[in-house]
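A.B. asks: Please find data-v8.pdb (PDB, C-alpha atoms, pLDDT in the B column) on the next line:
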MODEL        1
ATOM      1  CA  ARG A   3       0.000   0.000   0.000  1.00 44.00           C
ATOM      2  CA  GLY A   4       1.646   3.185  -1.187  1.00 45.00           C
ATOM      3  CA  ALA A   5       5.325   3.657  -1.970  1.00 45.00           C
ATOM      4  CA  ASN A   6       6.629   3.204   1.557  1.00 47.00           C
ATOM      5  CA  PRO A   7       8.036  -0.330   2.038  1.00 45.00           C
ATOM      6  CA  ASP A   8       6.986  -0.175   5.698  1.00 49.00           C
ATOM      7  CA  ASN A   9       3.303   0.191   4.828  1.00 49.00           C
ATOM      8  CA  THR A  10       0.941  -2.665   5.664  1.00 53.00           C
ATOM      9  CA  PRO A  11       0.959  -5.231   2.802  1.00 52.00           C
ATOM     10  CA  ASN A  12      -2.238  -5.968   0.931  1.00 63.00           C
ATOM     11  CA  GLN A  13      -3.915  -9.347   1.319  1.00 68.00           C
ATOM     12  CA  LEU A  14      -2.247 -11.004  -1.685  1.00 54.00           C
ATOM     13  CA  LEU A  15       1.224  -9.871  -0.688  1.00 54.00           C
ATOM     14  CA  ALA A  16       0.595 -10.910   2.917  1.00 63.00           C
ATOM     15  CA  THR A  17      -0.413 -14.377   1.695  1.00 61.00           C
ATOM     16  CA  LEU A  18       2.729 -14.687  -0.426  1.00 56.00           C
ATOM     17  CA  LEU A  19       4.927 -13.593   2.466  1.00 60.00           C
ATOM     18  CA  ALA A  20       3.241 -16.116   4.757  1.00 64.00           C
ATOM     19  CA  LEU A  21       3.806 -18.934   2.252  1.00 57.00           C
ATOM     20  CA  LYS A  22       7.468 -18.004   1.997  1.00 60.00           C
ATOM     21  CA  GLN A  23       7.818 -17.779   5.790  1.00 63.00           C
ATOM     22  CA  HIS A  24       6.376 -21.270   6.230  1.00 53.00           C
ATOM     23  CA  GLY A  25       8.565 -22.843   3.555  1.00 56.00           C
ATOM     24  CA  LEU A  26       5.773 -23.192   0.990  1.00 54.00           C
ATOM     25  CA  TRP A  27       7.233 -20.782  -1.566  1.00 54.00           C
ATOM     26  CA  ARG A  28       8.607 -23.562  -3.778  1.00 60.00           C
ATOM     27  CA  ALA A  29       5.238 -25.336  -3.823  1.00 55.00           C
ATOM     28  CA  LEU A  30       3.611 -22.103  -4.969  1.00 57.00           C
ATOM     29  CA  LEU A  31       6.151 -21.657  -7.757  1.00 59.00           C
ATOM     30  CA  LEU A  32       5.637 -25.215  -8.995  1.00 58.00           C
ATOM     31  CA  ALA A  33       1.864 -25.005  -8.768  1.00 56.00           C
ATOM     32  CA  SER A  34       1.766 -21.767 -10.763  1.00 60.00           C
ATOM     33  CA  ALA A  35       3.944 -23.028 -13.610  1.00 65.00           C
ATOM     34  CA  GLY A  36       2.461 -24.263 -16.879  1.00 62.00           C
ATOM     35  CA  LEU A  37       3.587 -27.881 -16.469  1.00 73.00           C
ATOM     36  CA  LEU A  38       3.914 -30.767 -14.062  1.00 73.00           C
ATOM     37  CA  ALA A  39       7.552 -31.734 -13.775  1.00 76.00           C
ATOM     38  CA  TRP A  40       8.671 -35.274 -13.048  1.00 80.00           C
ATOM     39  CA  PRO A  41       9.963 -35.861  -9.491  1.00 84.00           C
ATOM     40  CA  HIS A  42      13.550 -36.306 -10.670  1.00 84.00           C
ATOM     41  CA  GLN A  43      13.408 -32.937 -12.446  1.00 87.00           C
ATOM     42  CA  GLU A  44      12.094 -31.218  -9.333  1.00 86.00           C
ATOM     43  CA  ALA A  45      14.828 -32.868  -7.264  1.00 89.00           C
ATOM     44  CA  ILE A  46      17.602 -31.571  -9.532  1.00 89.00           C
ATOM     45  CA  ALA A  47      16.115 -28.072  -9.648  1.00 89.00           C
ATOM     46  CA  ARG A  48      15.769 -28.088  -5.850  1.00 88.00           C
ATOM     47  CA  ARG A  49      19.403 -29.090  -5.384  1.00 91.00           C
ATOM     48  CA  ILE A  50      20.622 -26.300  -7.665  1.00 93.00           C
ATOM     49  CA  THR A  51      18.471 -23.605  -6.064  1.00 91.00           C
ATOM     50  CA  ASP A  52      19.160 -24.814  -2.512  1.00 90.00           C
ATOM     51  CA  THR A  53      22.905 -24.487  -3.110  1.00 93.00           C
ATOM     52  CA  TRP A  54      22.700 -21.211  -5.048  1.00 94.00           C
ATOM     53  CA  PRO A  55      24.987 -19.661  -6.272  1.00 94.00           C
ATOM     54  CA  ARG A  56      26.998 -22.835  -6.864  1.00 94.00           C
ATOM     55  CA  SER A  57      27.664 -23.706 -10.518  1.00 95.00           C
ATOM     56  CA  TYR A  58      26.450 -26.960 -12.090  1.00 94.00           C
ATOM     57  CA  LEU A  59      26.778 -29.111 -15.171  1.00 92.00           C
ATOM     58  CA  LEU A  60      23.604 -30.881 -16.300  1.00 91.00           C
ATOM     59  CA  ALA A  61      24.808 -33.843 -18.334  1.00 83.00           C
ATOM     60  CA  ASP A  62      22.009 -36.398 -18.446  1.00 71.00           C
ATOM     61  CA  GLU A  63      20.863 -38.574 -21.317  1.00 69.00           C
ATOM     62  CA  VAL A  64      18.679 -37.156 -24.056  1.00 65.00           C
ATOM     63  CA  GLY A  65      15.034 -36.882 -22.999  1.00 60.00           C
ATOM     64  CA  LEU A  66      15.558 -36.793 -19.238  1.00 61.00           C
ATOM     65  CA  GLY A  67      14.704 -33.119 -19.031  1.00 77.00           C
ATOM     66  CA  LYS A  68      17.659 -30.725 -18.878  1.00 83.00           C
ATOM     67  CA  THR A  69      15.477 -28.057 -20.472  1.00 86.00           C
ATOM     68  CA  ILE A  70      12.749 -28.505 -17.874  1.00 90.00           C
ATOM     69  CA  GLU A  71      15.254 -28.454 -15.029  1.00 91.00           C
ATOM     70  CA  THR A  72      16.789 -25.237 -16.336  1.00 93.00           C
ATOM     71  CA  GLY A  73      13.375 -23.600 -16.621  1.00 93.00           C
ATOM     72  CA  LEU A  74      12.445 -24.611 -13.081  1.00 92.00           C
ATOM     73  CA  VAL A  75      15.721 -23.211 -11.745  1.00 94.00           C
ATOM     74  CA  LEU A  76      15.383 -19.940 -13.632  1.00 94.00           C
ATOM     75  CA  ARG A  77      11.762 -19.474 -12.583  1.00 91.00           C
ATOM     76  CA  GLU A  78      12.464 -20.024  -8.892  1.00 89.00           C
ATOM     77  CA  LEU A  79      15.568 -17.830  -8.825  1.00 92.00           C
ATOM     78  CA  LEU A  80      13.844 -14.935 -10.589  1.00 91.00           C
ATOM     79  CA  LEU A  81      10.522 -15.064  -8.754  1.00 85.00           C
ATOM     80  CA  SER A  82      12.172 -15.491  -5.358  1.00 84.00           C
ATOM     81  CA  GLY A  83      14.415 -12.496  -6.019  1.00 87.00           C
ATOM     82  CA  ARG A  84      17.661 -14.398  -5.525  1.00 90.00           C
ATOM     83  CA  ALA A  85      18.582 -13.666  -9.137  1.00 95.00           C
ATOM     84  CA  GLU A  86      17.681 -10.537 -11.056  1.00 95.00           C
ATOM     85  CA  THR A  87      19.789 -10.900 -14.192  1.00 97.00           C
ATOM     86  CA  ALA A  88      20.525 -13.826 -16.481  1.00 98.00           C
ATOM     87  CA  LEU A  89      22.146 -14.411 -19.831  1.00 98.00           C
ATOM     88  CA  LEU A  90      20.836 -17.513 -21.598  1.00 98.00           C
ATOM     89  CA  LEU A  91      23.018 -18.695 -24.477  1.00 97.00           C
ATOM     90  CA  VAL A  92      21.498 -21.353 -26.727  1.00 96.00           C
ATOM     91  CA  PRO A  93      22.172 -22.538 -30.291  1.00 94.00           C
ATOM     92  CA  ALA A  94      20.634 -20.295 -32.940  1.00 94.00           C
ATOM     93  CA  SER A  95      18.579 -23.206 -34.302  1.00 94.00           C
ATOM     94  CA  VAL A  96      16.568 -23.503 -31.056  1.00 93.00           C
ATOM     95  CA  LEU A  97      16.545 -19.871 -29.927  1.00 95.00           C
ATOM     96  CA  ILE A  98      12.857 -19.321 -30.739  1.00 95.00           C
ATOM     97  CA  GLN A  99      11.910 -22.724 -29.292  1.00 94.00           C
ATOM     98  CA  TRP A 100      13.596 -21.824 -26.014  1.00 95.00           C
ATOM     99  CA  GLN A 101      11.721 -18.543 -25.885  1.00 96.00           C
ATOM    100  CA  GLU A 102       8.393 -20.264 -26.520  1.00 95.00           C
ATOM    101  CA  GLU A 103       9.077 -22.937 -23.899  1.00 92.00           C
ATOM    102  CA  LEU A 104       9.980 -20.379 -21.250  1.00 94.00           C
ATOM    103  CA  ALA A 105       6.786 -18.446 -21.981  1.00 93.00           C
ATOM    104  CA  GLU A 106       4.383 -21.362 -22.266  1.00 91.00           C
ATOM    105  CA  LYS A 107       5.748 -23.818 -19.716  1.00 90.00           C
ATOM    106  CA  PHE A 108       7.233 -21.451 -17.133  1.00 90.00           C
ATOM    107  CA  LEU A 109       5.304 -18.224 -17.755  1.00 88.00           C
ATOM    108  CA  LEU A 110       8.563 -16.320 -18.179  1.00 93.00           C
ATOM    109  CA  GLU A 111       8.609 -13.597 -20.812  1.00 94.00           C
ATOM    110  CA  VAL A 112      12.240 -13.459 -21.890  1.00 96.00           C
ATOM    111  CA  PRO A 113      13.210 -11.340 -24.925  1.00 97.00           C
ATOM    112  CA  ARG A 114      15.638 -12.703 -27.461  1.00 97.00           C
ATOM    113  CA  LEU A 115      18.375 -10.755 -29.169  1.00 96.00           C
ATOM    114  CA  ASP A 116      17.938 -10.526 -32.939  1.00 94.00           C
ATOM    115  CA  GLY A 117      20.461  -8.214 -34.528  1.00 86.00           C
ATOM    116  CA  GLY A 118      19.782  -4.729 -33.246  1.00 87.00           C
ATOM    117  CA  GLU A 119      16.365  -5.637 -31.851  1.00 94.00           C
ATOM    118  CA  LEU A 120      14.796  -7.295 -28.838  1.00 96.00           C
ATOM    119  CA  VAL A 121      12.025  -9.685 -29.859  1.00 96.00           C
ATOM    120  CA  SER A 122       9.323 -10.743 -27.403  1.00 95.00           C
ATOM    121  CA  ALA A 123       7.636 -14.143 -27.380  1.00 93.00           C
ATOM    122  CA  ASP A 124       4.570 -12.601 -29.034  1.00 92.00           C
ATOM    123  CA  GLY A 125       6.705 -11.395 -31.944  1.00 93.00           C
ATOM    124  CA  SER A 126       6.762  -7.710 -31.034  1.00 94.00           C
ATOM    125  CA  ARG A 127      10.067  -5.979 -31.667  1.00 95.00           C
ATOM    126  CA  LYS A 128      11.942  -3.174 -29.943  1.00 95.00           C
ATOM    127  CA  ARG A 129      14.830  -1.549 -31.767  1.00 95.00           C
ATOM    128  CA  LEU A 130      17.846  -0.788 -29.627  1.00 92.00           C
ATOM    129  CA  GLY A 131      19.145   2.747 -29.519  1.00 88.00           C
ATOM    130  CA  ALA A 132      22.297   3.795 -31.329  1.00 85.00           C
ATOM    131  CA  GLY A 133      25.348   2.876 -29.286  1.00 84.00           C
ATOM    132  CA  ALA A 134      23.399   0.626 -26.911  1.00 90.00           C
ATOM    133  CA  ASN A 135      25.115  -2.530 -25.739  1.00 93.00           C
ATOM    134  CA  PRO A 136      22.783  -5.318 -26.916  1.00 94.00           C
ATOM    135  CA  TRP A 137      24.115  -7.738 -24.272  1.00 96.00           C
ATOM    136  CA  ARG A 138      22.815  -5.483 -21.486  1.00 95.00           C
ATOM    137  CA  ALA A 139      19.555  -4.552 -23.231  1.00 94.00           C
ATOM    138  CA  ALA A 140      17.370  -6.596 -20.837  1.00 96.00           C
ATOM    139  CA  PRO A 141      17.895  -7.979 -17.315  1.00 96.00           C
ATOM    140  CA  VAL A 142      17.132 -11.481 -18.579  1.00 97.00           C
ATOM    141  CA  LEU A 143      18.171 -12.103 -22.165  1.00 97.00           C
ATOM    142  CA  LEU A 144      18.122 -14.996 -24.631  1.00 97.00           C
ATOM    143  CA  ALA A 145      20.837 -14.923 -27.270  1.00 97.00           C
ATOM    144  CA  SER A 146      22.509 -17.193 -29.768  1.00 96.00           C
ATOM    145  CA  SER A 147      25.618 -18.898 -28.457  1.00 94.00           C
ATOM    146  CA  HIS A 148      26.899 -18.754 -32.029  1.00 92.00           C
ATOM    147  CA  LEU A 149      26.835 -14.968 -31.820  1.00 93.00           C
ATOM    148  CA  THR A 150      29.197 -14.981 -28.829  1.00 90.00           C
ATOM    149  CA  ARG A 151      31.795 -16.807 -30.916  1.00 84.00           C
ATOM    150  CA  ARG A 152      32.332 -13.726 -33.040  1.00 86.00           C
ATOM    151  CA  ARG A 153      35.391 -11.761 -31.973  1.00 81.00           C
ATOM    152  CA  ASP A 154      33.655  -8.463 -32.750  1.00 83.00           C
ATOM    153  CA  GLN A 155      30.987  -9.297 -30.142  1.00 88.00           C
ATOM    154  CA  ARG A 156      33.326 -10.292 -27.322  1.00 89.00           C
ATOM    155  CA  ALA A 157      34.328  -6.764 -26.291  1.00 89.00           C
ATOM    156  CA  ARG A 158      30.682  -5.713 -25.945  1.00 91.00           C
ATOM    157  CA  LEU A 159      29.848  -8.932 -24.124  1.00 94.00           C
ATOM    158  CA  LEU A 160      32.578  -8.230 -21.583  1.00 94.00           C
ATOM    159  CA  ASP A 161      31.675  -4.549 -21.211  1.00 92.00           C
ATOM    160  CA  GLY A 162      29.153  -4.088 -18.423  1.00 91.00           C
ATOM    161  CA  GLU A 163      27.768  -5.441 -15.185  1.00 94.00           C
ATOM    162  CA  SER A 164      27.931  -9.114 -14.344  1.00 96.00           C
ATOM    163  CA  TRP A 165      24.947 -11.447 -14.540  1.00 98.00           C
ATOM    164  CA  ASP A 166      23.606 -13.414 -11.617  1.00 98.00           C
ATOM    165  CA  LEU A 167      23.294 -16.474 -13.856  1.00 98.00           C
ATOM    166  CA  VAL A 168      24.883 -17.405 -17.162  1.00 97.00           C
ATOM    167  CA  PHE A 169      23.375 -20.483 -18.821  1.00 97.00           C
ATOM    168  CA  VAL A 170      24.882 -22.268 -21.820  1.00 96.00           C
ATOM    169  CA  ASP A 171      22.974 -24.935 -23.713  1.00 94.00           C
ATOM    170  CA  GLU A 172      24.912 -27.622 -25.608  1.00 91.00           C
ATOM    171  CA  ALA A 173      28.008 -26.576 -23.713  1.00 90.00           C
ATOM    172  CA  HIS A 174      29.955 -29.570 -25.057  1.00 86.00           C
ATOM    173  CA  HIS A 175      30.599 -27.423 -28.126  1.00 85.00           C
ATOM    174  CA  ALA A 176      32.931 -25.323 -25.951  1.00 86.00           C
ATOM    175  CA  ARG A 177      36.148 -27.267 -26.344  1.00 83.00           C
ATOM    176  CA  ARG A 178      39.829 -27.154 -27.186  1.00 85.00           C
ATOM    177  CA  ARG A 179      41.179 -27.995 -30.619  1.00 78.00           C
ATOM    178  CA  GLY A 180      42.627 -31.497 -30.573  1.00 73.00           C
ATOM    179  CA  ALA A 181      43.066 -33.954 -27.714  1.00 72.00           C
ATOM    180  CA  ASN A 182      45.645 -32.027 -25.687  1.00 73.00           C
ATOM    181  CA  PRO A 183      44.092 -30.107 -22.757  1.00 74.00           C
ATOM    182  CA  ASP A 184      46.628 -27.312 -23.349  1.00 79.00           C
ATOM    183  CA  ASN A 185      45.551 -26.763 -26.951  1.00 84.00           C
ATOM    184  CA  THR A 186      43.957 -23.525 -28.102  1.00 88.00           C
ATOM    185  CA  PRO A 187      40.288 -23.181 -27.066  1.00 89.00           C
ATOM    186  CA  ASN A 188      37.683 -22.672 -29.755  1.00 86.00           C
ATOM    187  CA  GLN A 189      35.760 -19.410 -29.880  1.00 88.00           C
ATOM    188  CA  LEU A 190      32.916 -20.504 -27.591  1.00 90.00           C
ATOM    189  CA  LEU A 191      35.262 -21.823 -24.905  1.00 91.00           C
ATOM    190  CA  ALA A 192      37.451 -18.723 -25.239  1.00 91.00           C
ATOM    191  CA  THR A 193      34.387 -16.562 -24.657  1.00 92.00           C
ATOM    192  CA  LEU A 194      33.385 -18.503 -21.542  1.00 93.00           C
ATOM    193  CA  LEU A 195      36.914 -18.309 -20.176  1.00 93.00           C
ATOM    194  CA  ALA A 196      36.916 -14.545 -20.781  1.00 94.00           C
ATOM    195  CA  LEU A 197      33.577 -14.186 -18.979  1.00 95.00           C
ATOM    196  CA  LYS A 198      35.007 -16.130 -16.044  1.00 95.00           C
ATOM    197  CA  GLN A 199      38.215 -14.094 -16.002  1.00 94.00           C
ATOM    198  CA  HIS A 200      36.193 -10.856 -15.840  1.00 95.00           C
ATOM    199  CA  GLY A 201      33.954 -12.225 -13.080  1.00 96.00           C
ATOM    200  CA  LEU A 202      30.793 -11.801 -15.134  1.00 97.00           C
ATOM    201  CA  TRP A 203      28.637 -14.426 -13.460  1.00 97.00           C
ATOM    202  CA  ARG A 204      27.663 -15.379  -9.927  1.00 96.00           C
ATOM    203  CA  ALA A 205      26.798 -18.882 -11.088  1.00 96.00           C
ATOM    204  CA  LEU A 206      27.290 -20.805 -14.313  1.00 96.00           C
ATOM    205  CA  LEU A 207      24.827 -23.462 -15.450  1.00 96.00           C
ATOM    206  CA  LEU A 208      25.905 -25.725 -18.309  1.00 95.00           C
ATOM    207  CA  ALA A 209      23.708 -28.188 -20.184  1.00 92.00           C
ATOM    208  CA  SER A 210      25.758 -30.733 -22.090  1.00 86.00           C
ATOM    209  CA  ALA A 211      25.774 -34.116 -23.726  1.00 74.00           C
ATOM    210  CA  PRO A 212      26.673 -36.910 -21.261  1.00 71.00           C
ATOM    211  CA  PRO A 213      30.398 -36.937 -20.405  1.00 61.00           C
ATOM    212  CA  VAL A 214      30.818 -40.364 -22.027  1.00 50.00           C
ATOM    213  CA  ALA A 215      30.012 -38.681 -25.355  1.00 48.00           C
ATOM    214  CA  VAL A 216      32.456 -35.812 -24.841  1.00 48.00           C
ATOM    215  CA  PRO A 217      36.250 -36.175 -25.211  1.00 48.00           C
ATOM    216  CA  GLN A 218      38.132 -35.909 -21.940  1.00 45.00           C
ATOM    217  CA  ALA A 219      40.082 -32.868 -23.145  1.00 45.00           C
ATOM    218  CA  ASP A 220      36.802 -30.986 -23.509  1.00 47.00           C
ATOM    219  CA  ALA A 221      36.075 -31.209 -19.787  1.00 43.00           C
ATOM    220  CA  GLU A 222      37.487 -27.765 -19.139  1.00 44.00           C
ATOM    221  CA  ARG A 223      38.924 -27.565 -15.636  1.00 43.00           C
ATOM    222  CA  PRO A 224      38.905 -23.732 -15.270  1.00 38.00           C
ATOM    223  CA  LEU A 225      35.126 -23.701 -15.607  1.00 48.00           C
ATOM    224  CA  HIS A 226      34.068 -24.718 -12.080  1.00 42.00           C
ATOM    225  CA  ARG A 227      31.057 -26.971 -12.092  1.00 40.00           C
ATOM    226  CA  SER A 228      29.440 -29.787 -10.190  1.00 37.00           C
ATOM    227  CA  ARG A 229      27.391 -32.504 -11.791  1.00 40.00           C
ATOM    228  CA  ALA A 230      23.910 -32.882 -10.362  1.00 43.00           C
ATOM    229  CA  ARG A 231      23.255 -36.619 -10.197  1.00 38.00           C
ATOM    230  CA  ARG A 232      19.868 -38.255 -10.174  1.00 36.00           C
ATOM    231  CA  ARG A 233      18.102 -41.498 -10.775  1.00 32.00           C
ATOM    232  CA  CYS A 234      16.676 -42.264 -14.167  1.00 30.00           C
ATOM    233  CA  GLY A 235      13.149 -41.097 -14.859  1.00 34.00           C
ATOM    234  CA  PRO A 236      10.557 -41.374 -17.591  1.00 34.00           C
ATOM    235  CA  GLY A 237      11.516 -40.602 -21.157  1.00 38.00           C
ATOM    236  CA  SER A 238       9.115 -37.696 -21.497  1.00 41.00           C
ATOM    237  CA  GLU A 239      10.591 -34.362 -20.398  1.00 49.00           C
ATOM    238  CA  SER A 240       7.475 -33.136 -18.622  1.00 48.00           C
ATOM    239  CA  ARG A 241       3.855 -33.887 -17.858  1.00 48.00           C
ATOM    240  CA  PRO A 242       1.324 -31.331 -19.140  1.00 38.00           C
ATOM    241  CA  ARG A 243      -0.695 -29.524 -16.498  1.00 39.00           C
ATOM    242  CA  ALA A 244      -4.427 -29.697 -17.091  1.00 34.00           C
ATOM    243  CA  GLY A 245      -5.698 -26.448 -18.548  1.00 34.00           C
ATOM    244  CA  ALA A 246      -2.211 -25.126 -19.232  1.00 34.00           C
ATOM    245  CA  GLY A 247      -2.648 -25.217 -23.003  1.00 31.00           C
ATOM    246  CA  PRO A 248      -0.855 -27.342 -25.587  1.00 27.00           C
ATOM    247  CA  THR A 249       2.542 -28.807 -24.869  1.00 28.00           C
ATOM    248  CA  HIS A 250       5.500 -28.857 -27.217  1.00 27.00           C
ATOM    249  CA  HIS A 251       8.101 -31.374 -28.196  1.00 25.00           C
ATOM    250  CA  PRO A 252      11.154 -31.463 -25.944  1.00 27.00           C
ATOM    251  CA  LEU A 253      14.084 -29.367 -27.064  1.00 27.00           C
ATOM    252  CA  PRO A 254      17.345 -30.994 -28.034  1.00 32.00           C
ATOM    253  CA  PRO A 255      19.718 -31.358 -25.061  1.00 32.00           C
TER     254      PRO A 255
ENDMDL
END
Show this structure as structure tokens.
C.D. replies:
Amino acid sequence: RGANPDNTPNQLLATLLALKQHGLWRALLLASAGLLAWPHQEAIARRITDTWPRSYLLADEVGLGKTIETGLVLRELLLSGRAETALLLVPASVLIQWQEELAEKFLLEVPRLDGGELVSADGSRKRLGAGANPWRAAPVLLASSHLTRRRDQRARLLDGESWDLVFVDEAHHARRRGANPDNTPNQLLATLLALKQHGLWRALLLASAPPVAVPQADAERPLHRSRARRRCGPGSESRPRAGAGPTHHPLPP
């Protein structure tokens, strides 16, 4: 009520505060999402958020739900206020799919970077001003991981405030050339190492192919991470919530 933070909260806010005080905040977040996650997905998301801001590598088999787990983590961190900024780097081929999934399954409206414009999930576009840094154009931003590989983008990517969370999908593409761990990193790995060197994330979340499918030299030691283990679950990434609208095919890992 009013602009003073000491004013008496309205009934809705008082209810939300009471739920949080009694440890029911996570149940509210799950219940208000547009899907029913499998128990193993909830368990992984809970471990990541309970140990925030520790960094993790999600490296489960295809179809076990890395996309769902990431969405659950992002939703809880943003709505609980523990994270306010995030950079989500995904392959260009699934950029729009990621945006649609975040909007439809997690009710998160995250703009994507498209050239000199921010594009919303509904297709509306906002042109960035001359001289604006596109990487800081929105608190939470979806962008192509391919774009970060361009040397002309790296200076702008490194110029600005840090993000609370940096997420990289298909992170196994960040690797060194050849089998020697001292070999030159490719452009994506070089970008991640530069982000780390400049302290531009509080936590890093990587989604990757299973380690058995990735050469040992690609397991980059400077990128601190911890694998979140879990038991195997159903092949479907999520269960649709009744009345939540149509579901979509799972994204590639």
A.B. asks: Work out how far atom CA of A:Ala205 is from atom CA of A:Ser57, in Å to one decimal.
C.D. replies: 4.9 Å
A.B. asks: Ranking A:Ala211, A:Ala140, A:Leu149, A:Ile70 by minimum distance to A:Ser95 and counting all atoms listed in the file, which one comes first?
C.D. replies: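 With all atoms listed in the file as the atom set, the closest residue is A:Leu149.
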A.B. asks: Calculate how many Å separate atom CA of A:Arg49 from atom CA of A:Val75, rounding to one decimal.
C.D. replies: 9.4 Å
A.B. asks: Find the distance between atom CA of A:Ala47 and atom CA of A:Leu191 and write it in Å to one decimal.
C.D. replies: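 Atom-to-atom, atom CA of A:Ala47 and atom CA of A:Leu191 are spaced 25.3 Å apart.
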A.B. asks: Tell me which of A:Ala123, A:Ala88, A:Leu202, A:Ala192 sits closest to A:Glu103, counting only C-alpha atoms.
C.D. replies: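 Among A:Ala123, A:Ala88, A:Leu202, A:Ala192, it is A:Ala123 that comes nearest to A:Glu103.
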A.B. asks: What lies within 10 Å of A:Gly201 using only C-alpha atoms, ignoring chain neighbours under 5 positions off, as a compact mmCIF listing (two decimals) with C-alpha atoms, in the coordinates of the input?
C.D. replies:
# COMPACT_ATOMS: atom_id res chain seq x y z
CA LEU A 160 32.58 -8.23 -21.58
CA GLU A 163 27.77 -5.44 -15.18
CA SER A 164 27.93 -9.11 -14.34
CA TRP A 165 24.95 -11.45 -14.54
CA LEU A 195 36.91 -18.31 -20.18
CA ALA A 196 36.92 -14.54 -20.78
A.B. asks: For A:Asp124, which of A:Phe108, A:Leu159, A:Val142, A:Gln101 is the closest residue, counting all atoms listed in the file?
C.D. replies: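 Of A:Phe108, A:Leu159, A:Val142, A:Gln101, the one nearest A:Asp124, counting all atoms listed in the file, is A:Gln101.
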A.B. asks: Could you write out as an MDAnalysis selection string the residues that the PyMOL selection byres ((chain A and resi 187) around 12) matches in the shown file?
C.D. replies: chainID A and resid 151 175:186 188:196 219:222 224
A.B. asks: Write out the residues from the selection above, keeping C-alpha atoms, as a PDB file, keeping the file's coordinate frame.
C.D. replies:
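Ended up saving to selection_6.pdb:
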ATOM      1  CA  ARG A 151      31.795 -16.807 -30.916  1.00 84.00           C
ATOM      2  CA  HIS A 175      30.599 -27.423 -28.126  1.00 85.00           C
ATOM      3  CA  ALA A 176      32.931 -25.323 -25.951  1.00 86.00           C
ATOM      4  CA  ARG A 177      36.148 -27.267 -26.344  1.00 83.00           C
ATOM      5  CA  ARG A 178      39.829 -27.154 -27.186  1.00 85.00           C
ATOM      6  CA  ARG A 179      41.179 -27.995 -30.619  1.00 78.00           C
ATOM      7  CA  GLY A 180      42.627 -31.497 -30.573  1.00 73.00           C
ATOM      8  CA  ALA A 181      43.066 -33.954 -27.714  1.00 72.00           C
ATOM      9  CA  ASN A 182      45.645 -32.027 -25.687  1.00 73.00           C
ATOM     10  CA  PRO A 183      44.092 -30.107 -22.757  1.00 74.00           C
ATOM     11  CA  ASP A 184      46.628 -27.312 -23.349  1.00 79.00           C
ATOM     12  CA  ASN A 185      45.551 -26.763 -26.951  1.00 84.00           C
ATOM     13  CA  THR A 186      43.957 -23.525 -28.102  1.00 88.00           C
ATOM     14  CA  ASN A 188      37.683 -22.672 -29.755  1.00 86.00           C
ATOM     15  CA  GLN A 189      35.760 -19.410 -29.880  1.00 88.00           C
ATOM     16  CA  LEU A 190      32.916 -20.504 -27.591  1.00 90.00           C
ATOM     17  CA  LEU A 191      35.262 -21.823 -24.905  1.00 91.00           C
ATOM     18  CA  ALA A 192      37.451 -18.723 -25.239  1.00 91.00           C
ATOM     19  CA  THR A 193      34.387 -16.562 -24.657  1.00 92.00           C
ATOM     20  CA  LEU A 194      33.385 -18.503 -21.542  1.00 93.00           C
ATOM     21  CA  LEU A 195      36.914 -18.309 -20.176  1.00 93.00           C
ATOM     22  CA  ALA A 196      36.916 -14.545 -20.781  1.00 94.00           C
ATOM     23  CA  ALA A 219      40.082 -32.868 -23.145  1.00 45.00           C
ATOM     24  CA  ASP A 220      36.802 -30.986 -23.509  1.00 47.00           C
ATOM     25  CA  ALA A 221      36.075 -31.209 -19.787  1.00 43.00           C
ATOM     26  CA  GLU A 222      37.487 -27.765 -19.139  1.00 44.00           C
ATOM     27  CA  PRO A 224      38.905 -23.732 -15.270  1.00 38.00           C
TER      28      PRO A 224
END
A.B. asks: What's around A:Asp62 at 8 Å? Count only C-alpha atoms, leave out sequence neighbours fewer than 3 positions away in its own chain, and write the answer as a tab-separated table (two decimals) with C-alpha atoms, in the frame of the given file.
C.D. replies:
chain	number	residue	atom	x	y	z
A	66	LEU	CA	15.56	-36.79	-19.24
A	68	LYS	CA	17.66	-30.72	-18.88
A	210	SER	CA	25.76	-30.73	-22.09
A	211	ALA	CA	25.77	-34.12	-23.73
A	212	PRO	CA	26.67	-36.91	-21.26
A.B. asks: Within 12 Å of A:Leu79, counting all atoms listed in the file, which residues qualify if same-chain residues fewer than 4 places away don't, as a tab-separated table (two decimals) with C-alpha atoms, keeping the file's coordinate frame?
C.D. replies:
chain	number	residue	atom	x	y	z
A	27	TRP	CA	7.23	-20.78	-1.57
A	28	ARG	CA	8.61	-23.56	-3.78
A	31	LEU	CA	6.15	-21.66	-7.76
A	47	ALA	CA	16.11	-28.07	-9.65
A	48	ARG	CA	15.77	-28.09	-5.85
A	50	ILE	CA	20.62	-26.30	-7.66
A	51	THR	CA	18.47	-23.60	-6.06
A	52	ASP	CA	19.16	-24.81	-2.51
A	53	THR	CA	22.90	-24.49	-3.11
A	54	TRP	CA	22.70	-21.21	-5.05
A	55	PRO	CA	24.99	-19.66	-6.27
A	72	THR	CA	16.79	-25.24	-16.34
A	73	GLY	CA	13.38	-23.60	-16.62
A	74	LEU	CA	12.44	-24.61	-13.08
A	75	VAL	CA	15.72	-23.21	-11.74
A	83	GLY	CA	14.42	-12.50	-6.02
A	84	ARG	CA	17.66	-14.40	-5.52
A	85	ALA	CA	18.58	-13.67	-9.14
A	86	GLU	CA	17.68	-10.54	-11.06
A	87	THR	CA	19.79	-10.90	-14.19
A	88	ALA	CA	20.52	-13.83	-16.48
A	110	LEU	CA	8.56	-16.32	-18.18
A	142	VAL	CA	17.13	-11.48	-18.58
A	166	ASP	CA	23.61	-13.41	-11.62
A	167	LEU	CA	23.29	-16.47	-13.86
A	205	ALA	CA	26.80	-18.88	-11.09
